[in-house]
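> query38.txt is the file, holding compact mmCIF, C-alpha atoms:
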# COMPACT_ATOMS: atom_id res chain seq x y z
CA MET A 1 -24.72 59.08 -94.19
CA PRO A 2 -23.96 58.10 -97.79
CA SER A 3 -22.60 60.72 -100.16
CA VAL A 4 -25.34 61.90 -102.48
CA GLY A 5 -25.47 63.39 -105.97
CA ARG A 6 -27.29 66.61 -106.82
CA GLY A 7 -30.21 64.86 -108.58
CA PHE A 8 -30.63 62.46 -105.68
CA ALA A 9 -30.68 65.33 -103.17
CA ILE A 10 -33.33 67.17 -105.24
CA ALA A 11 -35.42 63.99 -105.39
CA VAL A 12 -35.24 63.60 -101.59
CA ILE A 13 -36.28 67.25 -101.05
CA ALA A 14 -39.17 66.80 -103.52
CA ALA A 15 -40.28 63.65 -101.69
CA ILE A 16 -40.26 65.42 -98.30
CA ALA A 17 -42.31 68.28 -99.82
CA GLY A 18 -44.63 65.69 -101.34
CA PHE A 19 -45.28 64.08 -97.97
CA LEU A 20 -46.45 67.48 -96.73
CA VAL A 21 -48.52 68.48 -99.79
CA VAL A 22 -50.14 65.21 -100.89
CA PRO A 23 -52.12 64.63 -97.64
CA LEU A 24 -53.63 68.11 -98.10
CA LEU A 25 -54.70 67.19 -101.65
CA ILE A 26 -56.18 63.91 -100.38
CA VAL A 27 -58.11 65.70 -97.62
CA SER A 28 -59.47 68.30 -100.09
CA ALA A 29 -60.49 65.65 -102.66
CA PRO A 30 -64.27 65.00 -102.81
CA VAL A 31 -65.77 62.29 -100.60
CA GLU A 32 -66.98 59.19 -102.44
CA PRO A 33 -70.78 58.83 -101.84
CA VAL A 34 -70.97 55.02 -101.25
CA MET A 35 -67.92 54.34 -99.05
CA GLY A 36 -67.41 57.82 -97.61
CA VAL A 37 -64.15 59.11 -96.16
CA VAL A 38 -62.52 55.66 -95.94
CA GLN A 39 -62.30 55.58 -99.77
CA LYS A 40 -59.40 58.05 -99.41
CA ILE A 41 -57.16 55.07 -98.57
CA PHE A 42 -57.39 54.42 -102.33
CA TYR A 43 -55.03 57.38 -103.00
CA PHE A 44 -52.03 55.57 -101.54
CA HIS A 45 -53.22 51.94 -101.57
CA VAL A 46 -53.31 51.81 -105.39
CA PRO A 47 -49.92 53.55 -105.97
CA CYS A 48 -48.33 51.14 -103.46
CA ALA A 49 -49.85 48.19 -105.35
CA ILE A 50 -48.48 49.54 -108.65
CA MET A 51 -45.01 49.92 -107.05
CA MET A 52 -45.23 46.33 -105.79
CA PHE A 53 -45.94 45.21 -109.38
CA LEU A 54 -43.13 47.39 -110.76
CA SER A 55 -40.67 46.04 -108.17
CA THR A 56 -41.61 42.49 -109.14
CA PHE A 57 -41.07 43.18 -112.86
CA VAL A 58 -37.71 44.88 -112.20
CA ALA A 59 -36.65 41.95 -110.00
CA ALA A 60 -37.66 39.51 -112.74
CA ALA A 61 -35.80 41.51 -115.42
CA GLY A 62 -32.66 41.60 -113.27
CA SER A 63 -32.98 37.89 -112.51
CA LEU A 64 -33.36 37.08 -116.21
CA SER A 65 -30.16 38.96 -117.06
CA TYR A 66 -28.40 37.14 -114.20
CA LEU A 67 -29.70 33.69 -115.15
CA PHE A 68 -29.05 33.94 -118.91
CA LYS A 69 -26.12 36.39 -119.14
CA GLY A 70 -24.54 35.91 -115.72
CA ALA A 71 -24.84 39.67 -115.04
CA GLU A 72 -24.00 40.29 -111.38
CA ARG A 73 -25.38 43.83 -111.68
CA GLY A 74 -28.72 42.33 -112.77
CA ASP A 75 -28.71 40.12 -109.68
CA ARG A 76 -28.01 43.11 -107.46
CA LEU A 77 -30.85 45.06 -109.11
CA ALA A 78 -33.17 42.09 -108.59
CA HIS A 79 -32.24 41.88 -104.90
CA ALA A 80 -32.89 45.61 -104.38
CA ALA A 81 -36.20 45.51 -106.26
CA GLY A 82 -37.29 42.31 -104.48
CA GLU A 83 -36.87 43.99 -101.11
CA LEU A 84 -38.91 46.99 -102.31
CA GLY A 85 -41.59 44.58 -103.53
CA VAL A 86 -41.89 43.23 -99.98
CA LEU A 87 -41.98 46.77 -98.52
CA PHE A 88 -44.73 48.02 -100.83
CA GLY A 89 -46.53 44.67 -100.60
CA ALA A 90 -46.70 45.11 -96.83
CA CYS A 91 -48.12 48.63 -97.36
CA VAL A 92 -50.79 47.19 -99.69
CA LEU A 93 -51.67 44.32 -97.35
CA VAL A 94 -52.05 46.64 -94.36
CA SER A 95 -53.88 49.57 -96.01
CA GLY A 96 -56.23 47.21 -97.90
CA PRO A 97 -57.70 45.43 -94.83
CA LEU A 98 -58.08 48.81 -93.07
CA TRP A 99 -60.16 49.97 -96.04
CA GLY A 100 -62.03 46.65 -96.23
CA ARG A 101 -62.95 46.63 -92.52
CA LYS A 102 -64.86 49.88 -92.94
CA ALA A 103 -66.18 49.36 -96.48
CA TRP A 104 -67.04 45.63 -96.41
CA GLY A 105 -67.29 45.04 -92.66
CA VAL A 106 -64.46 42.48 -92.65
CA TRP A 107 -60.68 42.73 -92.44
CA TRP A 108 -60.07 40.03 -95.02
CA GLN A 109 -61.91 38.11 -97.75
CA TRP A 110 -60.40 35.08 -99.47
CA ASP A 111 -61.37 36.42 -102.88
CA ALA A 112 -59.21 36.22 -106.01
CA ARG A 113 -57.61 39.69 -105.77
CA LEU A 114 -56.70 39.53 -102.10
CA THR A 115 -55.51 35.93 -102.22
CA SER A 116 -53.35 36.41 -105.33
CA SER A 117 -51.87 39.61 -103.81
CA LEU A 118 -50.98 37.71 -100.65
CA LEU A 119 -49.46 34.96 -102.80
CA LEU A 120 -47.31 37.54 -104.63
CA PHE A 121 -46.17 38.98 -101.30
CA LEU A 122 -45.26 35.49 -100.03
CA ILE A 123 -43.33 34.66 -103.23
CA LEU A 124 -41.35 37.92 -102.86
CA ASN A 125 -40.62 37.00 -99.24
CA GLY A 126 -39.58 33.56 -100.45
CA TYR A 127 -37.21 35.28 -102.91
CA LEU A 128 -35.48 37.16 -100.08
CA LEU A 129 -35.34 34.08 -97.85
CA ALA A 130 -33.88 31.95 -100.65
CA ARG A 131 -31.18 34.57 -101.22
CA ARG A 132 -30.33 34.75 -97.54
CA TYR A 133 -30.50 31.10 -96.53
CA GLY A 134 -30.34 29.25 -99.87
CA GLY A 135 -26.60 28.52 -99.64
CA PRO A 136 -24.38 28.53 -102.75
CA ALA A 137 -27.33 27.95 -105.11
CA GLY A 138 -29.48 30.53 -103.32
CA LYS A 139 -29.01 33.28 -105.90
CA LYS A 140 -30.18 31.14 -108.80
CA LEU A 141 -33.04 29.63 -106.83
CA ALA A 142 -34.15 33.13 -105.83
CA ALA A 143 -33.87 34.36 -109.42
CA ALA A 144 -36.20 31.55 -110.55
CA LEU A 145 -38.64 32.47 -107.77
CA SER A 146 -38.73 36.09 -108.92
CA LEU A 147 -39.85 34.87 -112.38
CA PHE A 148 -42.78 33.08 -110.73
CA ALA A 149 -43.60 36.30 -108.90
CA ALA A 150 -43.66 38.20 -112.22
CA VAL A 151 -46.06 35.62 -113.67
CA ASP A 152 -48.38 36.23 -110.70
CA VAL A 153 -48.59 40.00 -111.37
CA PRO A 154 -50.96 39.85 -114.42
CA LEU A 155 -53.04 37.32 -112.47
CA VAL A 156 -53.35 39.74 -109.54
CA TYR A 157 -54.23 42.62 -111.86
CA LYS A 158 -56.84 40.79 -113.96
CA SER A 159 -58.29 38.71 -111.12
CA VAL A 160 -61.00 41.30 -110.41
CA ASP A 161 -62.16 41.16 -114.04
CA ILE A 162 -61.95 37.35 -114.43
CA TRP A 163 -63.53 36.26 -111.14
CA ARG A 164 -66.40 37.71 -109.17
CA THR A 165 -64.79 39.46 -106.22
CA VAL A 166 -65.70 42.07 -103.63
CA HIS A 167 -62.70 44.18 -104.66
CA PRO A 168 -63.26 47.15 -107.04
CA GLN A 169 -62.45 46.41 -110.69
CA THR A 170 -59.58 47.74 -112.83
CA THR A 171 -61.90 50.34 -114.37
CA VAL A 172 -61.82 52.43 -111.17
CA VAL A 173 -58.68 54.44 -112.02
CA PRO A 174 -59.51 55.24 -115.70
CA SER A 175 -63.07 56.26 -114.76
CA LEU A 176 -61.99 58.37 -111.77
CA ASP A 177 -63.95 61.58 -111.18
CA PRO A 178 -61.95 64.59 -112.55
CA ALA A 179 -62.04 66.21 -109.10
CA MET A 180 -60.31 63.16 -107.60
CA ARG A 181 -57.56 62.92 -110.24
CA PRO A 182 -55.12 65.56 -108.88
CA ALA A 183 -54.96 63.85 -105.48
CA PHE A 184 -54.50 60.41 -107.07
CA TRP A 185 -51.81 61.41 -109.57
CA ALA A 186 -49.95 63.53 -107.00
CA SER A 187 -49.97 60.58 -104.61
CA PHE A 188 -48.87 58.24 -107.39
CA GLY A 189 -46.02 60.64 -108.32
CA LEU A 190 -44.89 60.81 -104.69
CA ILE A 191 -44.92 57.04 -104.16
CA ALA A 192 -43.12 56.52 -107.50
CA LEU A 193 -40.49 59.10 -106.50
CA VAL A 194 -40.01 57.40 -103.14
CA TRP A 195 -39.69 54.06 -104.93
CA GLY A 196 -36.97 55.52 -107.20
CA ILE A 197 -35.08 56.99 -104.23
CA LEU A 198 -35.27 53.72 -102.27
CA LEU A 199 -34.16 51.66 -105.28
CA THR A 200 -31.16 53.97 -105.80
CA LEU A 201 -30.23 53.75 -102.10
CA ARG A 202 -30.67 49.99 -102.01
CA LEU A 203 -28.62 49.53 -105.19
CA ARG A 204 -25.80 51.55 -103.60
CA LEU A 205 -25.87 49.14 -100.70
CA GLU A 206 -25.66 46.16 -103.06
CA ASP A 207 -22.76 47.79 -104.96
CA ALA A 208 -20.98 48.48 -101.67
CA ARG A 209 -21.43 44.84 -100.63
CA ALA A 210 -19.96 43.71 -103.97
CA THR A 211 -16.95 45.96 -103.31
CA VAL A 212 -16.55 44.37 -99.86
CA GLU A 213 -16.51 40.90 -101.44
CA GLU A 214 -13.89 41.97 -104.00
CA LEU A 215 -11.70 43.57 -101.34
CA GLN A 216 -12.05 40.51 -99.14
CA LEU A 217 -10.76 38.34 -101.98
CA THR A 218 -7.83 40.74 -102.51
CA VAL A 219 -7.00 40.64 -98.79
CA ASP A 220 -7.13 36.81 -98.84
CA ASP A 221 -4.86 36.71 -101.92
CA LEU A 222 -2.36 39.08 -100.32
CA ALA A 223 -2.39 37.04 -97.12
CA GLN A 224 -1.60 33.85 -99.08
CA GLU A 225 1.31 35.55 -100.91
CA MET B 1 -104.47 -31.94 -64.91
CA ILE B 2 -107.45 -30.37 -66.70
CA ALA B 3 -107.59 -27.57 -64.12
CA SER B 4 -103.95 -26.78 -64.56
CA LYS B 5 -104.36 -26.73 -68.38
CA ASN B 6 -107.21 -24.21 -68.02
CA ASP B 7 -105.09 -22.09 -65.70
CA ARG B 8 -102.27 -22.02 -68.26
CA ASN B 9 -104.72 -21.02 -71.04
CA ASN B 10 -106.09 -18.23 -68.82
CA ASP B 11 -102.56 -16.99 -68.11
CA ARG B 12 -101.76 -16.98 -71.86
CA ASN B 13 -104.96 -15.01 -72.58
CA ASP B 14 -104.06 -12.48 -69.84
CA THR B 15 -100.58 -12.01 -71.27
CA THR B 16 -101.94 -11.47 -74.81
CA MET B 17 -104.45 -8.95 -73.47
CA ASN B 18 -101.73 -7.14 -71.52
CA ARG B 19 -99.55 -6.90 -74.60
CA ALA B 20 -102.46 -5.60 -76.67
CA SER B 21 -103.33 -2.96 -74.10
CA ARG B 22 -99.69 -1.88 -73.83
CA LEU B 23 -99.47 -1.54 -77.63
CA ARG B 24 -102.68 0.47 -77.68
CA SER B 25 -101.39 2.79 -74.99
CA ILE B 26 -98.07 3.34 -76.90
CA LEU B 27 -99.97 4.05 -80.11
CA ALA B 28 -102.30 6.45 -78.27
CA ARG B 29 -99.35 8.28 -76.72
CA SER B 30 -97.59 8.49 -80.11
CA LEU B 31 -100.71 9.87 -81.72
CA ARG B 32 -101.03 12.43 -78.92
CA ALA B 33 -97.38 13.44 -79.52
CA VAL B 34 -97.90 14.03 -83.28
CA PRO B 35 -99.65 17.41 -82.88
CA ALA B 36 -96.98 18.53 -80.41
CA LEU B 37 -94.19 17.50 -82.83
CA ALA B 38 -95.99 19.23 -85.69
CA ALA B 39 -96.30 22.39 -83.62
CA LEU B 40 -92.57 22.26 -82.79
CA ALA B 41 -91.68 21.76 -86.47
CA SER B 42 -93.84 24.69 -87.51
CA LEU B 43 -92.23 26.85 -84.83
CA LEU B 44 -88.73 25.93 -86.07
CA GLY B 45 -89.79 26.59 -89.64
CA ALA B 46 -91.17 29.95 -88.72
CA GLY B 47 -87.89 30.78 -86.93
CA ALA B 48 -85.90 29.94 -90.04
CA ALA B 49 -88.23 32.03 -92.15
CA ARG B 50 -87.87 34.97 -89.75
CA ALA B 51 -84.05 34.77 -90.06
CA GLN B 52 -84.40 35.38 -93.81
CA GLU B 53 -86.32 38.60 -93.35
CA TYR B 54 -84.96 42.13 -92.83
CA VAL B 55 -86.89 43.71 -90.02
CA LYS B 56 -86.48 47.29 -88.93
CA VAL B 57 -85.46 47.54 -85.28
CA GLU B 58 -85.78 50.80 -83.37
CA ASN B 59 -83.31 52.23 -80.86
CA VAL B 60 -80.54 49.72 -81.43
CA PRO B 61 -77.06 51.25 -81.20
CA ARG B 62 -75.32 50.88 -84.59
CA GLU B 63 -71.66 49.97 -84.92
CA GLN B 64 -69.76 53.18 -85.59
CA LEU B 65 -66.34 52.86 -87.19
CA PRO B 66 -64.54 56.19 -87.47
CA ALA B 67 -63.36 56.40 -91.10
CA PRO B 68 -60.71 59.14 -90.57
CA GLN B 69 -58.92 56.90 -88.08
CA PHE B 70 -58.75 54.08 -90.65
CA VAL B 71 -57.37 56.49 -93.27
CA GLY B 72 -54.89 57.90 -90.76
CA ALA B 73 -53.76 54.41 -89.70
CA ALA B 74 -53.19 53.35 -93.32
CA TYR B 75 -51.26 56.53 -94.19
CA GLY B 76 -49.32 56.39 -90.92
CA PHE B 77 -48.30 52.76 -91.48
CA ILE B 78 -47.00 53.56 -94.98
CA MET B 79 -45.03 56.58 -93.71
CA ILE B 80 -43.52 54.61 -90.82
CA ALA B 81 -42.70 51.59 -93.03
CA ILE B 82 -40.87 53.81 -95.54
CA LEU B 83 -39.01 55.71 -92.81
CA VAL B 84 -37.94 52.51 -91.02
CA TYR B 85 -36.76 51.09 -94.35
CA VAL B 86 -34.75 54.25 -95.16
CA PHE B 87 -33.04 54.09 -91.75
CA SER B 88 -32.40 50.37 -92.17
CA VAL B 89 -30.75 50.86 -95.59
CA ALA B 90 -28.75 53.90 -94.38
CA ARG B 91 -27.49 51.92 -91.37
CA ARG B 92 -26.53 48.90 -93.50
CA LEU B 93 -24.84 51.22 -96.03
CA ALA B 94 -22.84 53.00 -93.32
CA ARG B 95 -21.71 49.64 -91.88
CA THR B 96 -20.72 48.32 -95.31
CA ARG B 97 -18.78 51.53 -96.09
CA GLY B 98 -16.97 51.09 -92.77
CA GLU B 99 -16.02 47.55 -93.82
CA ILE B 100 -14.79 48.89 -97.20
CA ALA B 101 -12.57 51.49 -95.47
CA GLU B 102 -11.16 48.84 -93.14
CA LEU B 103 -10.47 46.37 -95.96
CA ARG B 104 -8.83 49.09 -98.11
CA ALA B 105 -6.58 49.97 -95.21
CA ARG B 106 -5.62 46.29 -94.83
CA VAL B 107 -4.91 45.99 -98.57
CA GLU B 108 -2.74 49.12 -98.47
CA ARG B 109 -0.86 47.82 -95.43
CA ALA B 110 -0.34 44.44 -97.04
CA ALA B 111 0.77 46.05 -100.33
CA GLY B 112 3.16 48.37 -98.42
CA SER B 113 4.75 45.52 -96.50
CA GLY B 114 5.10 43.59 -99.79
CA ASP B 115 6.98 46.53 -101.36
CA ARG B 116 9.36 46.70 -98.44
CA ARG B 117 10.10 42.99 -98.83
What is this file in C-alpha cells?

Amino acid sequence: MPSVGRGFAIAVIAAIAGFLVVPLLIVSAPVEPVMGVVQKIFYFHVPCAIMMFLSTFVAAAGSLSYLFKGAERGDRLAHAAGELGVLFGACVLVSGPLWGRKAWGVWWQWDARLTSSLLLFLILNGYLLARRYGGPAGKKLAAALSLFAAVDVPLVYKSVDIWRTVHPQTTVVPSLDPAMRPAFWASFGLIALVWGILLTLRLRLEDARATVEELQLTVDDLAQE
Amino acid sequence: MIASKNDRNNDRNDTTMNRASRLRSILARSLRAVPALAALASLLGAGAARAQEYVKVENVPREQLPAPQFVGAAYGFIMIAILVYVFSVARRLARTRGEIAELRARVERAAGSGDRR
C-alpha cells in the first residue's frame, strides 16, 4: 500500500465513518410525497453529478495549462480528474435510470438533461481513450477533448431550464425542505471528500509513472555510455 | 341473309342487356355494402375514441416496484464502483512503485560499475 500522510489518513477515516453515518441520515430524512422513497436516490445522485462536473473543470484547467504552458503536472492532473469524471459519470448514469424507472416508469428518456449528460460521459471516455491509444499526439488531442467536455457542463446544468424535460429543474436543491438538508449536505460532503481522496491517490499514481519514465531515460542513457 | 342479320342483332341486344344487368347487380351489391362499411368505420372510430379515455378498472393487479430496492441498488453501485476504483488505483500504484524500485536499483548498479571503470 502507498505511504500516506497524516491528513490523508484522517480524510480516509472520515470517509469510512461517513459511509456508515450518511445512509442513516438518508433513511431518517422525510419521504417526498410525490415520488416516495425512491426520491432518496437524489441524496447521492446529485453529489455524484456535481463531482462529475468538478472533475471535468479540473481536467480542462489542467489541459489548458498543458496546452498553453507545456506544464506536465497540469497534464497529469487532467488525466487523474478525467478518470474521476468517468467514475462519477458512471455513478450518475446508473443511479439516474434506477430513479427514473420508479418515478417516470422508464429507464431512460432522450430528453435534454439525460442526453447531454450521456454526451459528457462519452466525451470524458473519449479523453481517456485518446490518451491511451492516441499515439504521440494523444496527450494534446485528449487535452483538446477535455475542453469540449468543459463546454458541455453548463449545457448539461442549464438544459433543464432551457428545454422542457422530465428531469427536475435546478431549483430543487436551493428550495430543498429544511428537514432534507442535513442528509443532502452530509452526503455531498462525503462524496466531495471521497473525490478529494481519489484525486490525491490518482495524482500519486501519475507522479509515480512520471518518475518511472525519467528513470527509464536515465537507464537508457547509462546503457548507451 | 336477312335471317342471319336479325340473329346478329338479337345477339347484340342480348349482350347489351346482360351487361346492363351485370352493372345493376354490381351497383346493388355496392350499395348494400355501404351500410356495412359505415358500421365498420363507426366501430373503428369508437375504438379510437375509447383509447383516449381513462376508465377505472376493478381488480386489476397493479405493477409494484419496490422503491427501497432501487435506492439500495443505486447506493450499492456507487459504493462498489468507488471501492473497485480504489483497489484498481492502489494496485497500479504498487506496481509502478515496484518498477521505480527496480529501475533505481539498475541505475545504482550502472553508476557503480561506471565508477569502477
> Take atom CA of Ala81 of chain B and atom CA of Ala130 of chain A and report the distance between them in Å, one decimal.
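One can read the atom CA of Ala81 of chain B to atom CA of Ala130 of chain A distance as 22.8 Å.
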> Counting all atoms listed in the file, a student should be able to say which residues of chain A come within 7 Å of chain B; what is the right answer, written as a list in words?
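Interface list for chain A against chain B: Met1, Pro2, Val37, Val38, Lys40, Ile41, Cys91, Val94, Ser95, Leu98, Trp99, Lys102, Arg202, Leu205, Ala208, Arg209, Val212, Leu215, Gln216, Val219 and Leu222 of chain A.
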> Which of these, A:Ala186, A:Ala71, A:Ala103, A:Val156, has the shortest distance to Ser116 of chain A once you count only C-alpha atoms?
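Looking only at the distances to Ser116 of chain A, the closest residue turns out to be A:Val156.
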> Report as a list in words all protein, DNA and RNA residues lying within 10 Å of Phe8 of chain A, evaluated on only C-alpha atoms, omitting residues in the same chain fewer than 6 positions from it.
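Within the cut-off, the hits are Ala14, Gly196, Ile197, Thr200 and Leu201 of chain A.
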> Quick one: distance from atom CA of Cys48 of chain A to atom CA of Leu176 of chain A in Å, one decimal?
17.5 Å
> One number please: atom CA of Leu54 of chain A to atom CA of Ser175 of chain A, in Å, one decimal.
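That distance, rounded to one decimal, is 22.2 Å.
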